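Trainee: One structure, pasted below without further comment.
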Amino acid sequence: MSPDTSPARARRGVTTIPLPALPAGPVLRSALAPAGVYLLVRAVGTALLVLLTEANGEHLGDRLGSWDGHWFLGIAQGGYGGVPRGLVDAEGVRSAATPLAFFPGYPALVATTRFLTGLPMLAAAVVVTLAAGVVAAYAVARIGRAVPGGSARTGLVLVALFGAAPMSVVLSMAYSEALFCACAAWTLVFVLERRWAAAGLGCLAAGLVRPTAAALLIVVLVSAGAALHRRDDGGRPWAAVAIAPLGLLGYLAWVGARTGSPTGWFAVQSRGWGSRFDGGASTLHFAGTVLASAPSLLEVGTVVALVVAVVLLGVCLRDAAAGTLPWPLFCYGLLVVAMDVGSAGVMASKARLLLPAFTLVVPVAVGLARLAGRHRVAAAGILAGVVLASAWFGAYAVAIWPAAI
C-alpha cells in the first residue's frame with residue numbers, strides 16, 4: 001500500500017502512511033483489562049469474606065451493609081429526615097442533625113439505581129459500589145500509564161494494588177469509598193492532562209461524596225493556579241477554580257444552614273464520632289498503645305498500614321523531587337494521609353480512610369511492572385501475596401472484629 005501523496009496533502013506538507021489494523025481480540029482484551037484485574041482482585045476479597053462470615057455464623061448480606069452502610073442505606077431509603085430511629089452515633093446518641101455527618105452523593109446514587117432497576121436497596125448499593133470501583137480502575141490504570149516510566153503494565157499493577165489496599169473490603173460494601181476514589185482518580189487524570197473544566201467537575205462530584213475531597217480540592221486549586229501563573233492554558237484553568245469548590249463547600253454550607261452554625265458539619269462529627277483535627281496526637285497515642293500491648297490483629301494491622309503510608313510518602317517525595325512522580329499525585333497523597341493521621345476519631349477506621357491515597361503506591365507499581373519484565377513469576381507472587389493478605393485482613397475486620405470500621 002503506497003503512502004497518500006495527494007496534492008492536498010502535499011500542500012500541507014503531510015504524508016500519511018496507513019497503519020495496519022490491530023486485531024480486534026487484542027484491542028478488546030486491552031480495553032477490558034483494567035476492569036478484569038480489578039474485579040478479579042475484589043472477587044478474591046469477597047470469596048474470603050464469604051468464608052469468614054459463614055465460619056462465624058454471620059450472613060453476608062448483613063455484613064455488606066454494616067456500620068456506615070446502615071446510615072447510607074437509611075439515607076437512600078428515606079432521605080436525611082427518614083433515617084431509622086435506631087441508628088445512633090458512636091456515642092450512642094441520635095439527634096436531628098446526626099445523619100448530616102454522611103455526605104449525600106453515594107446514597108443519592110444508590111436511591112437512583114434502586115429506582116431505575118427495582119433492585120433491593122442493599123443490592124443497589126453493592127451495584128453502585130462495584131460499578132464505581134470499575135470506573136476508578138480505568139482512571140488508576142491511566143495514571144499508571146501516564147507517569148514517567150509508566151506503561152500499560154504499570155497501570156494494571158496499580159489497579160491490582162488499589163483493589164488490594166488495606167481495608168479494600170469496603171470496595172465491595174455499601175460504603176462510599178469506591179465512588180469517591182472514582183471521582184478523585186479521574187479528577188487527577190484531568191489535572192495531569194490539563195483538562196480544567198473536567199477536573200473542576202470531578203472535584204465537585206467528589207465533594208458531594210466524602211470530606212476527603214478537601215485534599216483533592218487543594219490539589220486542583222493549586223494546580224490551576226500554577227497553570228494560570230505560567231499562562232500555559234490561557235484562561236481555561238479558571239473553570240476549575242470556579243467549579244471545583246462547589247460540591248464540598250456547597251454541602252458544608254447546606255449543613256450549616258440546617259444546623260444554624262457555619263461549622264455545623266464539624267460539630268456533628270466531633271460530638272458523634274470524636275472526629276476533629278488534633279495534629280496527630282490521638283493517632284500517636286493509639287499507635288503507642290497498640291505497639292505496647294497488641295490488643296487485636298485489626299489494631300496492629302491499622303498501625304502497620306499507617307507506618308507503611310508514611311514510608312511510602314517518603315518514597316513519593318523522593319520521586320517527585322526527581323521528576324519521576326507528578327507533583328499533584330504526591331500532594332494529593334500527602335494531604336489524604338495528613339487528614340487521616342492528623343485527626344482524632346474512630347481509630348479502627350484509620351486504615352479504611354487511607355484507601356483514597358492510592359497515589360502512594362505509584363512508585364511500587366512502577367517497580368513491580370519493571371520486575372515483571374524480568375521475573376514475571378516473582379512479580380506475580382508478590383502481587384498474589386498482597387491480594388491474599390489484604391483479602392484476609394478485610395474479611396477479618398468485617399466478619400470477626402466486633403466494632404465499627
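Simple scheme: letters A, B, ... for chains in C-alpha cells order, numbers from 1 for residues in each chain, numbers from 1 for ligands in the order shown.
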Pick out the residues sitting within 12 Å of Ala185 in chain A, and hand them over as a PDB file with C-alpha atoms, in the first residue's frame; count only C-alpha atoms, and ignore anything fewer than 3 positions along from it in its own chain.

Mentor:
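The result, stored in selection-v5.pdb:
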ATOM      1  CA  ALA A 132     -17.757   2.896  40.824  1.00  0.00           C
ATOM      2  CA  GLY A 133     -14.752   0.692  41.573  1.00  0.00           C
ATOM      3  CA  VAL A 134     -14.519  -0.323  37.919  1.00  0.00           C
ATOM      4  CA  VAL A 135     -14.746   3.328  36.865  1.00  0.00           C
ATOM      5  CA  ALA A 136     -11.962   4.129  39.330  1.00  0.00           C
ATOM      6  CA  ALA A 137      -9.870   1.261  37.965  1.00  0.00           C
ATOM      7  CA  TYR A 138      -9.798   2.788  34.477  1.00  0.00           C
ATOM      8  CA  ALA A 139      -8.595   6.125  35.848  1.00  0.00           C
ATOM      9  CA  VAL A 140      -5.993   4.428  38.049  1.00  0.00           C
ATOM     10  CA  ALA A 141      -4.737   2.458  35.034  1.00  0.00           C
ATOM     11  CA  ARG A 142      -4.500   5.699  33.060  1.00  0.00           C
ATOM     12  CA  ILE A 143      -2.419   7.272  35.818  1.00  0.00           C
ATOM     13  CA  GLY A 144      -0.100   4.252  35.744  1.00  0.00           C
ATOM     14  CA  LEU A 158      -1.521  -0.110  40.045  1.00  0.00           C
ATOM     15  CA  VAL A 159      -5.126  -1.269  39.614  1.00  0.00           C
ATOM     16  CA  PHE A 162      -5.588  -0.243  44.537  1.00  0.00           C
ATOM     17  CA  GLU A 177     -15.038   4.937  49.242  1.00  0.00           C
ATOM     18  CA  ALA A 178     -15.316   3.380  45.776  1.00  0.00           C
ATOM     19  CA  LEU A 179     -17.386   6.276  44.446  1.00  0.00           C
ATOM     20  CA  PHE A 180     -15.053   8.829  45.980  1.00  0.00           C
ATOM     21  CA  CYS A 181     -11.987   7.094  44.546  1.00  0.00           C
ATOM     22  CA  ALA A 182     -13.602   7.087  41.091  1.00  0.00           C
ATOM     23  CA  LEU A 188      -6.293  13.680  38.972  1.00  0.00           C
ATOM     24  CA  VAL A 189      -6.205  12.330  35.417  1.00  0.00           C
ATOM     25  CA  PHE A 190      -7.825  15.548  34.182  1.00  0.00           C
ATOM     26  CA  VAL A 191      -5.360  17.666  36.185  1.00  0.00           C
ATOM     27  CA  LEU A 192      -2.405  15.804  34.665  1.00  0.00           C
ATOM     28  CA  ALA A 199     -11.112  18.486  36.660  1.00  0.00           C
ATOM     29  CA  GLY A 202     -14.727  15.758  39.020  1.00  0.00           C
ATOM     30  CA  CYS A 203     -13.758  17.647  42.165  1.00  0.00           C
ATOM     31  CA  ALA A 205     -18.644  15.428  42.393  1.00  0.00           C
ATOM     32  CA  ALA A 206     -16.054  14.190  44.903  1.00  0.00           C
ATOM     33  CA  ALA A 213     -12.455  15.920  48.859  1.00  0.00           C
ATOM     34  CA  LEU A 216      -8.453  16.920  46.158  1.00  0.00           C
ATOM     35  CA  PRO A 328      -0.169  16.703  42.017  1.00  0.00           C
ATOM     36  CA  LEU A 329      -0.130  12.959  42.734  1.00  0.00           C
ATOM     37  CA  TYR A 332      -2.855  14.576  46.951  1.00  0.00           C
ATOM     38  CA  GLY A 333      -1.464  11.502  48.743  1.00  0.00           C
ATOM     39  CA  LEU A 355      -7.876   3.926  50.827  1.00  0.00           C
ATOM     40  CA  PRO A 356      -8.230   7.132  48.733  1.00  0.00           C
ATOM     41  CA  ALA A 357      -4.452   7.667  48.963  1.00  0.00           C
ATOM     42  CA  PHE A 358      -3.882   5.257  46.076  1.00  0.00           C
ATOM     43  CA  THR A 359      -1.262   7.574  44.541  1.00  0.00           C
TER      44      THR A 359
END

Trainee: Within range 21-202 of chain A, find each residue whose DSSP state, derived from the backbone, is helix (DSSP H, G or I), and express the selection as a PyMOL selection string.

Mentor: chain A and resi 24-55+60-64+68-78+98-101+105-117+121-146+152-163+168-172+177-192+196-202

Trainee: Name the closest residue to Ala90 in chain A among the candidates A:Gly314, A:Gly274, A:Pro363, A:Gly45; distances are taken between atoms, counting only C-alpha atoms.

Mentor: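 Of the candidates, the smallest distance to Ala90 in chain A is held by A:Gly274.
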
Trainee: Do you know which residues are at most 8 Å from Met121 in chain A counting only C-alpha atoms, after dropping those on the same chain fewer than 2 positions away, and could you put them as a PDB file with C-alpha atoms, in the first residue's frame?

Mentor:
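Saved to result-v9.pdb:
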ATOM      1  CA  LEU A  73     -28.895   2.771  53.150  1.00  0.00           C
ATOM      2  CA  ALA A  76     -31.037   6.358  50.402  1.00  0.00           C
ATOM      3  CA  GLN A  77     -34.332   4.932  51.633  1.00  0.00           C
ATOM      4  CA  VAL A 110     -27.959   4.249  45.364  1.00  0.00           C
ATOM      5  CA  ALA A 111     -31.547   5.551  45.525  1.00  0.00           C
ATOM      6  CA  ARG A 114     -32.812   1.282  43.014  1.00  0.00           C
ATOM      7  CA  LEU A 119     -33.322  -3.942  42.992  1.00  0.00           C
ATOM      8  CA  ALA A 123     -28.231  -4.875  46.113  1.00  0.00           C
ATOM      9  CA  ALA A 124     -28.474  -1.439  44.506  1.00  0.00           C
ATOM     10  CA  ALA A 125     -25.804  -0.162  46.896  1.00  0.00           C
TER      11      ALA A 125
END

Trainee: Would you write out, as CSV, a table of all residues in range 40-149 of chain A that have an atom no more than 7 Å from an atom of range 384-396 of chain A, listing for each the closest atom pair and the distance in Å to one decimal, considering only C-alpha atoms and ordering rows by chain and rising residue number?

Mentor:
residue,atom,partner,partner_atom,distance
A:Val41,CA,A:Val387,CA,6.6
A:Val44,CA,A:Ala391,CA,6.7
A:Gly45,CA,A:Ala391,CA,4.2
A:Leu48,CA,A:Ala395,CA,6.2
A:Leu49,CA,A:Ala395,CA,4.5
A:Leu52,CA,A:Ala395,CA,6.5

Trainee: Could you name the residues that touch Val398 in chain A at 12 Å or less, counting only C-alpha atoms, but leaving out those on the same chain fewer than 4 positions away, as a ChimeraX atom specification?

Mentor: /A:45-46,48-53,56,58-69,167-170,172-173,298,348-349,352,391-394,402-405

Trainee: Set the distance at 9 Å and use only C-alpha atoms: which residues neighbour Ser296 in chain A once local chain neighbours fewer than 5 positions away are removed? I'd like the list as a PyMOL selection string.

Mentor: chain A and resi 290+301+401

Trainee: Store the residues of this selection in a file with all heavy atoms, as a short mmCIF file (atom, residue, chain, number, x, y, z; two decimals), in the first residue's frame.

Mentor:
data_model
loop_
_atom_site.label_atom_id
_atom_site.label_comp_id
_atom_site.auth_asym_id
_atom_site.auth_seq_id
_atom_site.Cartn_x
_atom_site.Cartn_y
_atom_site.Cartn_z
N VAL A 290 -1.10 0.51 71.02
CA VAL A 290 -1.22 -0.74 70.28
C VAL A 290 0.12 -1.47 70.22
O VAL A 290 0.21 -2.69 70.42
CB VAL A 290 -1.76 -0.48 68.86
CG1 VAL A 290 -1.62 -1.72 67.98
CG2 VAL A 290 -3.22 -0.06 68.92
N GLY A 301 -2.71 -4.24 62.65
CA GLY A 301 -2.70 -4.03 61.20
C GLY A 301 -2.93 -2.59 60.82
O GLY A 301 -2.35 -2.09 59.86
N TRP A 401 -14.09 -8.74 63.68
CA TRP A 401 -13.91 -7.56 64.52
C TRP A 401 -15.29 -7.03 64.93
O TRP A 401 -16.15 -6.83 64.11
CB TRP A 401 -13.14 -6.50 63.74
CG TRP A 401 -13.01 -5.18 64.41
CD1 TRP A 401 -13.67 -4.02 64.06
CD2 TRP A 401 -12.19 -4.83 65.52
NE1 TRP A 401 -13.31 -3.00 64.89
CE2 TRP A 401 -12.40 -3.46 65.81
CE3 TRP A 401 -11.31 -5.55 66.32
CZ2 TRP A 401 -11.76 -2.80 66.85
CZ3 TRP A 401 -10.65 -4.90 67.35
CH2 TRP A 401 -10.87 -3.54 67.60
#

Trainee: Can you tell me how far CA of Gly345 in chain A sits from CA of Ser270 in chain A, in Å to one decimal?

Mentor: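 Atom-to-atom, CA of Gly345 in chain A and CA of Ser270 in chain A are spaced 8.0 Å apart.
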
Trainee: Can you pull out every residue within 10 Å of range 235-239 of chain A, counting only C-alpha atoms, but drop anything in the same chain fewer than 5 positions away, and send it as a PyMOL selection string?

Mentor: chain A and resi 191+194-201+220-221+223-228+244

Trainee: Rounded to one decimal in Å, what is the spacing between CA of Gly86 in chain A and CA of Gly74 in chain A?

Mentor: 10.5 Å

Trainee: Which residue, A:Pro326, A:Gly279, A:Pro211, A:Gly260, has the smallest gap to Pro245 in chain A when you use only C-alpha atoms?

Mentor: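 Looking at the shortest contact to Pro245 in chain A, the residue is A:Pro211.
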
Trainee: For a test of reading the model, state the distance in Å between CA of Gly105 in chain A and CA of Gly264 in chain A, rounded to one decimal.

Mentor: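 Distance reported for this atom pair: 18.6 Å.
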
Trainee: Nearest to Val336 in chain A among A:Val362, A:Leu130, A:Leu217, A:Val222, with distances taken over only C-alpha atoms: which residue is it?

Mentor: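 Of A:Val362, A:Leu130, A:Leu217, A:Val222, the one nearest Val336 in chain A is A:Leu217, counting only C-alpha atoms.
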
Trainee: Looking at A:Ala365, A:Val268, A:Ala174, A:Val147, which one is nearest to Val93 in chain A, with distances taken over only C-alpha atoms?

Mentor: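 Of A:Ala365, A:Val268, A:Ala174, A:Val147, the one nearest Val93 in chain A, counting only C-alpha atoms, is A:Val268.
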
Trainee: In terms of the shortest atom-to-atom distance over only C-alpha atoms, which of A:Tyr80, A:Leu249, A:Leu313, A:Leu100 is closest to Leu325 in chain A?

Mentor: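 Looking only at the distances to Leu325 in chain A, the closest residue turns out to be A:Leu313.
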